[in-house]
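Below is one structure; the comments refer to it alone.
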Protein chains: 2
Amino acid sequence: MSINPAFLAALEKQIAQEFILTTPQACWPYGTDSTQRFFMPQAVVFPKTHEDVVFITALCNEYEVSMVPRGLGSGAVGGAVPIQEGIVVCLLRMQDILTIDTANRVMIAEPGVTNFAIQQALYDKGLFWAPDPGSREFCSLGGNLAHNSSGPRAIKYGTVRENTLGLTAVTGAGDTITTGAYTSKSVVGYDLTRLLIGSEGTLATITQATLKLLPLPSRQMTVRALYRSITGATQAVTQIMGQAELPFALEFMDKTTVNLVRQYGGIELPHDVQALLLIGIDGNEHSINDALAIISAAAKNPDLMSIEVAHSQQQADQLWQARRRLSPCLRHVAPKKINEDIVVPVSRIPDLITGLEKLSAHYGIVIVSFGHAGNGNIHVNLMYDPANEKQATQIDQCLQDVFSLVLALKGSLSGEHGIGLAKQAFFSQEIDPNSLHLMRQIKAIFDPKGILNPGKIFPV
Amino acid sequence: MSINPAFLAALEKQIAQEFILTTPQACWPYGTDSTQRFFMPQAVVFPKTHEDVVFITALCNEYEVSMVPRGLGSGAVGGAVPIQEGIVVCLLRMQDILTIDTANRVMIAEPGVTNFAIQQALYDKGLFWAPDPGSREFCSLGGNLAHNSSGPRAIKYGTVRENTLGLTAVTGAGDTITTGAYTSKSVVGYDLTRLLIGSEGTLATITQATLKLLPLPSRQMTVRALYRSITGATQAVTQIMGQAELPFALEFMDKTTVNLVRQYGGIELPHDVQALLLIGIDGNEHSINDALAIISAAAKNPDLMSIEVAHSQQQADQLWQARRRLSPCLRHVAPKKINEDIVVPVSRIPDLITGLEKLSAHYGIVIVSFGHAGNGNIHVNLMYDPANEKQATQIDQCLQDVFSLVLALKGSLSGEHGIGLAKQAFFSQEIDPNSLHLMRQIKAIFDPKGILNPGKIFPV
């Protein structure tokens, strides 16, 4: 159905026509995200200001049109896909960095700015914002906030939640709220900042964020450790995370991933490598060598084949780039993948990997695992061919078994992708009924007409 | 009015009589906190288990009796004072540490355990929980969670919010919820964990907390820097916080505080010291000396009189003990104090101190300032004599001027004490009306009958 003309006419009073898309051809790219789920938006609107968002939200309430906030659409769970008729509110025109306050280490930025642009703006000032998803070049701040998407550095520097001081947002009801503070401590009323972070655009549209910045350590090193067994690598993870000198990143890759790195990343690796750890270490000129010695010692066990520091910046960049491109590379393994960013306690990673191997053997489905091992946040990819009837019929059961395994290990269904559409059927396996009921009521408070990103997160 | 006998009889079906206090003499100590506000509870109940709390809450709903959760009562804003007739639910029998999982750095503990007992249980395992309020020996975990009370180490290691993974709690409606996860990353539904943290016992009674632990650095140093001017000290704070090597504590003391330390802490200090910084530095055997050199360099400016490392553990302990005892020591300055834990951006501390000096001169009221300068979290104490008519009539206006100053500097009314009764009249100066409305609605969801710690936080 096409959009209500009266709604459209009203919209054009605030938003110039050129920033409203209504034809299917123009709207098409805004109907999907990296899950490739697709629903055609009735229109796509590009607000420029907070007031625009207020106006759009008020109008959507008045006409009962649903609205889905969206950035660059790199989300991995269908969070920005407009499953109900309505509009997509694309925030990419709101990408200003409004303040960089170096003395207080605070940045104020709009949701459409990419994570990478944030880091670049800070680099010369010797600062960084800790969250740093693999997709940093094509993911926007709004999405990082919506899904609490944090990437590798969370093991040392925390997630979005720990690195955001406050937000300006427009609730589903159309009300402007300013949450949190400009300071690193504040306890004045309920924590609405963190209630919005991770709420996947279902409570409010974030129009501005106050970010807590950290001083960039003057030195970084990249270390590559190769293991002749998976358990050798996972045991090293537990050892490294069990001592005081934390790396800023501790990425795990299984054998299939190592093969991808070798084939498509152009990196030479011995043929008998079963697992690889990519370790990022930072510090100052004096402390970094100590950190290296301590972390290297923790990484050692009988199954370690080699451990070496990248000998040049180029080699280090090559390793990290290979890591960041793993997700798109997976299409070379099988036509389709289900990518789950589950989390388990670090000490249970060996049990997770063993369990996944059993499931893979049982279902005849290749399971590729890599990810932020320091947080126990493993990206588990179920690779399958929809044309293979046996795989196609069993994939759902296999996925359920993966989640059951994760929860049995005291884990969590998602570490940084969120629930969106992809995991809502499994939501109640982790969240108790009373909490679910409270969350639904909170949703109703922020968005009484249910116009904001409807049909997401909660079980249908 | 005494308690409803039918309610009491029902209560005794679950809670043994010896754990229910009903006489005024017995209830008396549970009617106050460190603000010395006093309201007599109708009864005090000591639950032992989560199920006890569920039972008590259900009963309070049934009989419409209000209940105020409470730990050791060290709170600084009247948060645990039972201002409406009803019962106090004292959680001190629930003080078990249930799990210390060293491999995953997680502790599960009950709300009645003291912060100090937590730290002691972890010390031998080389771990710590970052929050560490000055009152750590006589404040309980439940209170730390309720007010997000974090103490000095927050500047390097974060507040309660950043160091708590999950909670088990009983909502005001009597429903059990289990929030968060056992892992350091998780994005599954709305963040109820942080919604409860800092909610001052108005949404739910916390019965268990899953705490994120950190590895204890192997070395610590205490450094004392003396300044001949306040601005010298505050500028040093900005310098220290503006570089990458962060101290774990950075405490500021003004001249009056220095005098207290000299007089009652038994510490010799030159007579012309105008301000003191107490700096805690940690690291490993190799890195700590680098950190010391870097931080000492940042602390230097023309107004630095001396900077020295405590030469013995005894001297270091003496300094920290003097710092922790400042609050009770203030009674030597004036009969009464209003202690406000305001926060300003670190770079605005000099403006804050200058502004406070002006207010002090204008009102003729001594204002004593000390606290967690690294977070801009300064404990501002308005010292006055209620018998002095001029002071007594002007103290409220002076306090309002302090808060106006703080908000003009982009600060926040409370860094770790919370709002309770003490600041509810000022709440709306910081929180916008839409946010306040949302918070009130959230309160109504969690506690539909309004039985849980009524009359707190929000403006009356």
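Identifiers in the structure tokens: chain A, B, ... in order shown; residue index from 1 per chain; ligand index from 1 in order shown.
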Residue contacts of B:Asn289 (10 Å, only C-alpha atoms) excluding same-chain residues fewer than 5 positions away, as a PyMOL selection string: (chain A and resi 286-287) or (chain B and resi 219+221+281-284+294-295)
Print the selection's residues with N, CA and C atoms to a file, as a JSON list (two decimals), in the first residue's frame.
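The resulting again.json:
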[["chain", "number", "residue", "atom", "x", "y", "z"],
["A", 286, "HIS", "N", 57.20, 2.60, 27.92],
["A", 286, "HIS", "CA", 57.89, 1.76, 28.89],
["A", 286, "HIS", "C", 57.08, 0.53, 29.27],
["A", 287, "SER", "N", 55.77, 0.72, 29.42],
["A", 287, "SER", "CA", 54.96, -0.38, 29.97],
["A", 287, "SER", "C", 54.63, -1.45, 28.94],
["B", 219, "ARG", "N", 50.98, -3.73, 42.42],
["B", 219, "ARG", "CA", 51.62, -2.67, 43.20],
["B", 219, "ARG", "C", 50.72, -1.45, 43.33],
["B", 221, "MET", "N", 50.82, 2.71, 45.03],
["B", 221, "MET", "CA", 51.58, 3.77, 45.67],
["B", 221, "MET", "C", 50.63, 4.88, 46.08],
["B", 281, "ILE", "N", 48.20, 5.45, 42.89],
["B", 281, "ILE", "CA", 48.73, 4.98, 41.61],
["B", 281, "ILE", "C", 48.89, 3.46, 41.71],
["B", 282, "ASP", "N", 48.48, 2.75, 40.68],
["B", 282, "ASP", "CA", 48.70, 1.30, 40.70],
["B", 282, "ASP", "C", 49.29, 0.82, 39.38],
["B", 283, "GLY", "N", 49.75, -0.41, 39.40],
["B", 283, "GLY", "CA", 50.36, -0.99, 38.20],
["B", 283, "GLY", "C", 51.11, -2.25, 38.60],
["B", 284, "ASN", "N", 51.95, -2.73, 37.70],
["B", 284, "ASN", "CA", 52.77, -3.87, 38.10],
["B", 284, "ASN", "C", 54.16, -3.36, 38.49],
["B", 294, "ILE", "N", 55.03, 9.91, 35.25],
["B", 294, "ILE", "CA", 54.12, 10.63, 34.36],
["B", 294, "ILE", "C", 53.12, 11.46, 35.17],
["B", 295, "ILE", "N", 52.55, 10.83, 36.18],
["B", 295, "ILE", "CA", 51.54, 11.53, 36.98],
["B", 295, "ILE", "C", 52.17, 12.66, 37.79]]
Name the residues in contact with B:Ile83 at a cut-off of 9 Å, using only C-alpha atoms, excluding same-chain residues fewer than 2 positions from it; report them as an MDAnalysis selection string. chainID B and resid 31 38:41 80:81 85:86 453:456
Could you please write out, as a list of chain:residue names, every residue of stretch 72-137 of chain B that DSSP assigns to alpha helix (DSSP H)? B:Asn115, B:Phe116, B:Ala117, B:Ile118, B:Gln119, B:Gln120, B:Ala121, B:Leu122, B:Tyr123
For the selection just defined, write its residues with C-alpha atoms to a file, as an mmCIF file, in the first residue's frame.
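Everything below was put into out04.cif:
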data_model
loop_
_atom_site.group_PDB
_atom_site.id
_atom_site.type_symbol
_atom_site.label_atom_id
_atom_site.label_comp_id
_atom_site.auth_asym_id
_atom_site.auth_seq_id
_atom_site.Cartn_x
_atom_site.Cartn_y
_atom_site.Cartn_z
ATOM 1 C CA ASN B 115 31.662 -3.389 50.740
ATOM 2 C CA PHE B 116 34.719 -4.061 52.912
ATOM 3 C CA ALA B 117 33.810 -7.734 53.368
ATOM 4 C CA ILE B 118 33.593 -8.039 49.594
ATOM 5 C CA GLN B 119 37.050 -6.554 49.152
ATOM 6 C CA GLN B 120 38.488 -8.750 51.893
ATOM 7 C CA ALA B 121 37.039 -11.916 50.399
ATOM 8 C CA LEU B 122 38.692 -11.034 47.095
ATOM 9 C CA TYR B 123 42.066 -9.796 48.269
#
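Taking atom CA of B:Arg153 and atom CA of A:Pro345 as endpoints, the distance between them is 25.4 Å.
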Distance atom CA of A:Leu319-atom CA of A:Asp254, one decimal place? 14.9 Å
Within 7 Å of chain A: residues of chain B, using only C-alpha atoms, as a PyMOL selection string: chain B and resi 103-104+147-148+162+175-178+181-191+194-195+198-199+215-217+238+242-244+286-287+290+343-347+375+410-416+418-419+432+434-435+439+441-442+445+457
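One finds atom CA of A:Gly166 at 24.6 Å from atom CA of B:Thr210.
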